[in-house]
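All remarks here apply to the structure that follows.
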Amino acid sequence: MPDVGRIRTKRAGQKPRGSPGQPAQALPHVPLSALLSHALVAFTIEFDNEFEHLVPHRTTRFGGSGPWLVSMVMWLMLLRFVPEEGIGAKELYQRTALSQKEFKLWLTRLSKWWGYLAVDGMIARWTPGGVKARAAWSGLTGVIEGRWQARFGSAVDSLCDVMRGIANRDYPDYLPVLGFDLLTPAPERSAAVEDSLPGLLAKLLRAFAVEFERESGVSIAVCANVGGVSKEAMAMLRKRAKCSSEEYLRLTAAIEHEWNAGRLRELLEEIVGHADFWAGLTPYPDGWRAAMPAITVLPNYPMVLHRGGFPDGA
């Protein structure tokens, strides 16, 4: 079973690129939602890379043994609410922020399809592979937050403090899986949340997207993304109409002004523009992303899809 407390804080062969407190590089002005997205996607990819390295799993490209590889969203959305000894399906549903339809869908995928849980007599229990996954996931947010604090210094704690003053407490601390229309739904129910860096980023980004889409009537993912997502996600984007770039920029600027988010922008620009921001995106040699082109662009809005919840639609 992986020991999360012994995760390396720096990958083999990875050279440091800057130090905490190093000034941010000049960034082009982008919407606040894009900055939130870049930070959340970078955190998620680093989290996913570490999980993939620690836990036996299966993928289409590499095969393998154990559960199907999924992203951080699947852990936050449902699996973290399953205790070590298992839980009744009804109680599990009540702990999540999912609708009944969503709950049934994802419980089926995470059990029958992907192998993390076994559901017997309406009791959900971890499979042997799921036990190993749970052990890794449980402490991984804190590990990656620690890396970010080492890279970016006090800006991380300051960012969390500012986000706590803005975040809607009724919003879950993860982004939803986008449906066919690629719209970001407001949550139907509240749920227990973690007061974590990625959780706060997700709450703000979801609230921002809901405001944007309520005003525009179109998906912010469609309007925002011109790169940084998988070819499958790009194919979905091309099929949907999008509002003009001028309207997208006008609406995002209006929401940022309404939020009085000047300090939030400053801190996000400090982190996203830091010379070491991209360091955590380097995959391990045994990871599936190591066989893909290096990441040079991040999505302006995460494309969390049914394929496993990866933030770039992979």
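Chain lettering (A, B, ...) mirrors the order of the structure tokens, residue numbering begins at 1 for each chain separately, and ligand numbering begins at 1 in order of display.
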
Worksheet item: Running DSSP on the backbone, which parts of range 38-70 of chain A land in alpha helix (DSSP H), as an MDAnalysis selection string?
Response: chainID A and resid 38:54

Give me the range 125-166 of chain A side of the contact with range 78-89 of chain A, cut-off 10 Å, one line per residue showing its nearest atom pair and distance in Å at one decimal, counting only C-alpha atoms, sorted by chain and residue number, as JSON lines.
{"residue": "A:Arg125", "atom": "CA", "partner": "A:Gly86", "partner_atom": "CA", "distance": 4.3}
{"residue": "A:Trp126", "atom": "CA", "partner": "A:Gly86", "partner_atom": "CA", "distance": 6.6}
{"residue": "A:Gly130", "atom": "CA", "partner": "A:Leu79", "partner_atom": "CA", "distance": 9.3}
{"residue": "A:Val131", "atom": "CA", "partner": "A:Glu84", "partner_atom": "CA", "distance": 7.7}
{"residue": "A:Ala133", "atom": "CA", "partner": "A:Leu79", "partner_atom": "CA", "distance": 9.8}
{"residue": "A:Arg134", "atom": "CA", "partner": "A:Arg80", "partner_atom": "CA", "distance": 7.6}
{"residue": "A:Ala135", "atom": "CA", "partner": "A:Glu84", "partner_atom": "CA", "distance": 9.5}
{"residue": "A:Trp137", "atom": "CA", "partner": "A:Arg80", "partner_atom": "CA", "distance": 8.2}
{"residue": "A:Ser138", "atom": "CA", "partner": "A:Arg80", "partner_atom": "CA", "distance": 7.6}

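Near Ala209 in chain A, within 10 Å and counting only C-alpha atoms, sit Ser33, Leu183, Thr184, Pro185, Ala186, Leu204, Arg214, Glu215, Ser219, Ile220, Ala221, Thr252, Ile255 and Tyr301 of chain A; same-chain residues fewer than 5 positions away were not included.
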
Once you have the residues from the selection above, write them out as a JSON list (two decimals), in the first residue's frame, restricted to C-alpha atoms.
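Result file follows (result.json):
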[["chain", "number", "residue", "atom", "x", "y", "z"],
["A", 33, "SER", "CA", -12.10, 32.71, -14.67],
["A", 183, "LEU", "CA", -23.13, 23.97, -19.33],
["A", 184, "THR", "CA", -22.03, 24.21, -15.70],
["A", 185, "PRO", "CA", -25.06, 23.45, -13.50],
["A", 186, "ALA", "CA", -25.69, 25.12, -10.18],
["A", 204, "LEU", "CA", -15.21, 30.13, -7.13],
["A", 214, "ARG", "CA", -27.07, 32.53, -16.63],
["A", 215, "GLU", "CA", -26.38, 35.88, -18.30],
["A", 219, "SER", "CA", -21.34, 27.48, -22.06],
["A", 220, "ILE", "CA", -18.31, 29.30, -20.70],
["A", 221, "ALA", "CA", -16.21, 26.28, -21.71],
["A", 252, "THR", "CA", -16.22, 38.04, -17.52],
["A", 255, "ILE", "CA", -18.49, 39.52, -13.02],
["A", 301, "TYR", "CA", -12.09, 26.61, -18.36]]

Please, which residues in range 157-212 of chain A fall within 12 Å of range 271-287 of chain A when counting only C-alpha atoms, and what is the closest atom pair and distance in Å to one decimal for each, ordered by chain then residue number, as JSON lines?
{"residue": "A:Asp157", "atom": "CA", "partner": "A:Ile271", "partner_atom": "CA", "distance": 11.4}
{"residue": "A:Ser158", "atom": "CA", "partner": "A:Ile271", "partner_atom": "CA", "distance": 11.0}
{"residue": "A:Leu159", "atom": "CA", "partner": "A:Ile271", "partner_atom": "CA", "distance": 9.3}

Output C-alpha atoms for every residue in that selection, as a tab-separated table (two decimals), in the first residue's frame.
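Output below, filename result21.tsv:
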chain	number	residue	atom	x	y	z
A	157	ASP	CA	-2.13	31.12	2.15
A	158	SER	CA	-3.09	34.65	1.14
A	159	LEU	CA	-4.97	33.33	-1.88

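Distance annotation: of A:Val218, A:Val210, A:Ala118, A:Ala42, the residue with the minimal separation from Asn300 in chain A is A:Ala42; atom set is only C-alpha atoms.
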
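For the choices A:Leu140, A:Glu247, A:Pro28, A:Leu197, the atom-to-atom distance to Ser216 in chain A is smallest for A:Glu247 when using only C-alpha atoms.
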
Discussion item. As a ChimeraX atom specification, please: the residues near Cys160 in chain A (cut-off 9 Å, only C-alpha atoms, same-chain neighbours under 6 positions excluded).
Written reply: /A:195-197,200-201

Can I get the selection written as a PDB file, in the first residue's frame, with N, CA, C and O atoms?
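Generated output (part.pdb):
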ATOM      1  N   ASP A 195     -11.921  22.583   3.150  1.00  0.00           N
ATOM      2  CA  ASP A 195     -11.437  23.959   3.043  1.00  0.00           C
ATOM      3  C   ASP A 195     -10.001  23.905   2.527  1.00  0.00           C
ATOM      4  O   ASP A 195      -9.043  24.188   3.242  1.00  0.00           O
ATOM      5  N   SER A 196      -9.858  23.536   1.259  1.00  0.00           N
ATOM      6  CA  SER A 196      -8.543  23.317   0.678  1.00  0.00           C
ATOM      7  C   SER A 196      -8.321  24.271  -0.480  1.00  0.00           C
ATOM      8  O   SER A 196      -9.261  24.907  -0.984  1.00  0.00           O
ATOM      9  N   LEU A 197      -7.082  24.380  -0.932  1.00  0.00           N
ATOM     10  CA  LEU A 197      -6.765  25.233  -2.072  1.00  0.00           C
ATOM     11  C   LEU A 197      -7.559  24.827  -3.312  1.00  0.00           C
ATOM     12  O   LEU A 197      -8.242  25.666  -3.918  1.00  0.00           O
ATOM     13  N   LEU A 200     -11.400  25.541  -2.851  1.00  0.00           N
ATOM     14  CA  LEU A 200     -11.785  26.948  -2.954  1.00  0.00           C
ATOM     15  C   LEU A 200     -11.725  27.428  -4.399  1.00  0.00           C
ATOM     16  O   LEU A 200     -12.597  28.172  -4.858  1.00  0.00           O
ATOM     17  N   LEU A 201     -10.705  27.011  -5.129  1.00  0.00           N
ATOM     18  CA  LEU A 201     -10.620  27.365  -6.549  1.00  0.00           C
ATOM     19  C   LEU A 201     -11.842  26.841  -7.302  1.00  0.00           C
ATOM     20  O   LEU A 201     -12.426  27.544  -8.137  1.00  0.00           O
TER      21      LEU A 201
END

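One distance worth recording is that between CA of Leu298 in chain A and CA of Glu258 in chain A, which is 25.6 Å.
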
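The protein and nucleic acid residues lying at most 6 Å from Leu305 in chain A are Val177, Leu178, Gly309 and Gly313 of chain A, with only C-alpha atoms considered and sequence neighbours fewer than 4 positions away removed.
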
Discussion item. List as a list in words the protein and nucleic acid residues near range 68-72 of chain A, meaning an atom at most 9 Å away when only C-alpha atoms are counted, but skip any in the same chain fewer than 5 places from it.
Written reply: Thr44, Ile45, Phe47, Asp48, Phe51, Glu52, Pro56, His57, Arg58, Thr59, Thr60, Met77, Leu110, Trp113, Trp114, Gly115, Tyr116, Trp137, Tyr174, Arg307, Gly308, Gly309, Phe310 and Pro311 of chain A

Worksheet item: Within 10 Å of range 93-99 of chain A, counting only C-alpha atoms, which residues qualify if same-chain residues fewer than 2 places away don't, as number ranges by chain?
Response: A: 76-82, 87-91, 101-107, 170-173, 176, 187-193

Output N, CA and C atoms of each residue in that selection to a file, as a CSV table (one decimal), in the first residue's frame.
chain,number,residue,atom,x,y,z
A,76,LEU,N,-13.3,13.4,-5.2
A,76,LEU,CA,-14.0,14.5,-4.5
A,76,LEU,C,-15.5,14.4,-4.6
A,77,MET,N,-15.9,13.9,-5.8
A,77,MET,CA,-17.4,13.9,-6.1
A,77,MET,C,-18.1,12.8,-5.3
A,78,LEU,N,-17.5,11.7,-5.1
A,78,LEU,CA,-18.2,10.5,-4.5
A,78,LEU,C,-17.3,9.7,-3.6
A,79,LEU,N,-16.1,9.3,-4.1
A,79,LEU,CA,-15.3,8.2,-3.4
A,79,LEU,C,-14.9,8.7,-2.0
A,80,ARG,N,-14.6,9.9,-1.8
A,80,ARG,CA,-14.1,10.3,-0.5
A,80,ARG,C,-15.1,10.2,0.6
A,81,PHE,N,-16.4,10.0,0.2
A,81,PHE,CA,-17.5,9.8,1.2
A,81,PHE,C,-17.6,8.4,1.6
A,82,VAL,N,-16.9,7.5,1.0
A,82,VAL,CA,-17.0,6.1,1.4
A,82,VAL,C,-15.9,5.7,2.5
A,87,ILE,N,-20.3,1.7,3.2
A,87,ILE,CA,-21.4,2.5,3.6
A,87,ILE,C,-22.6,2.1,2.8
A,88,GLY,N,-23.8,2.4,3.3
A,88,GLY,CA,-25.0,2.1,2.6
A,88,GLY,C,-25.2,3.1,1.5
A,89,ALA,N,-25.8,2.7,0.4
A,89,ALA,CA,-25.9,3.5,-0.8
A,89,ALA,C,-26.7,4.8,-0.5
A,90,LYS,N,-27.8,4.6,0.3
A,90,LYS,CA,-28.7,5.7,0.6
A,90,LYS,C,-27.9,6.8,1.4
A,91,GLU,N,-27.1,6.4,2.4
A,91,GLU,CA,-26.3,7.3,3.2
A,91,GLU,C,-25.3,7.9,2.3
A,101,LYS,N,-30.0,11.0,-10.3
A,101,LYS,CA,-29.6,10.5,-11.6
A,101,LYS,C,-28.1,10.4,-11.6
A,102,GLU,N,-27.4,11.5,-11.2
A,102,GLU,CA,-26.0,11.6,-11.3
A,102,GLU,C,-25.4,10.5,-10.3
A,103,PHE,N,-26.0,10.4,-9.2
A,103,PHE,CA,-25.4,9.4,-8.2
A,103,PHE,C,-25.5,8.0,-8.7
A,104,LYS,N,-26.6,7.6,-9.3
A,104,LYS,CA,-26.7,6.3,-9.8
A,104,LYS,C,-25.7,6.1,-11.0
A,105,LEU,N,-25.5,7.1,-11.8
A,105,LEU,CA,-24.6,7.0,-12.9
A,105,LEU,C,-23.2,6.7,-12.4
A,106,TRP,N,-22.7,7.6,-11.5
A,106,TRP,CA,-21.3,7.6,-11.1
A,106,TRP,C,-21.0,6.4,-10.2
A,107,LEU,N,-22.0,6.0,-9.4
A,107,LEU,CA,-21.8,4.8,-8.5
A,107,LEU,C,-21.6,3.6,-9.4
A,170,ASP,N,-22.5,27.2,-0.3
A,170,ASP,CA,-23.4,26.2,-0.8
A,170,ASP,C,-22.8,25.4,-2.0
A,171,TYR,N,-21.7,25.9,-2.5
A,171,TYR,CA,-21.2,25.2,-3.7
A,171,TYR,C,-20.2,24.1,-3.3
A,172,PRO,N,-20.2,23.0,-4.0
A,172,PRO,CA,-19.3,21.9,-3.7
A,172,PRO,C,-17.8,22.3,-4.0
A,173,ASP,N,-16.9,21.6,-3.5
A,173,ASP,CA,-15.5,21.9,-3.7
A,173,ASP,C,-14.8,21.2,-4.8
A,176,PRO,N,-18.3,20.1,-11.7
A,176,PRO,CA,-19.1,19.0,-12.2
A,176,PRO,C,-18.6,18.5,-13.5
A,187,PRO,N,-25.4,23.7,-8.2
A,187,PRO,CA,-25.6,22.4,-7.5
A,187,PRO,C,-27.0,22.3,-7.0
A,188,GLU,N,-27.6,21.1,-7.0
A,188,GLU,CA,-28.9,20.9,-6.5
A,188,GLU,C,-29.0,20.8,-5.0
A,189,ARG,N,-27.9,20.3,-4.4
A,189,ARG,CA,-27.8,20.2,-3.0
A,189,ARG,C,-26.4,20.5,-2.5
A,190,SER,N,-26.3,20.9,-1.2
A,190,SER,CA,-25.0,21.2,-0.6
A,190,SER,C,-24.5,19.9,0.0
A,191,ALA,N,-23.1,19.9,0.2
A,191,ALA,CA,-22.5,18.7,0.8
A,191,ALA,C,-21.3,19.2,1.6
A,192,ALA,N,-20.8,18.2,2.5
A,192,ALA,CA,-19.6,18.5,3.2
A,192,ALA,C,-18.5,18.8,2.3
A,193,VAL,N,-17.7,19.9,2.6
A,193,VAL,CA,-16.6,20.3,1.7
A,193,VAL,C,-15.3,20.4,2.5

Response to the item:
A straight line from CA of Gly199 in chain A to CA of Asp312 in chain A spans 17.5 Å

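Between Leu175 in chain A and the candidates A:Ala291, A:Met163, A:Ala207, A:Ile144, the tightest atom-to-atom separation, counting only C-alpha atoms, involves A:Ala207.
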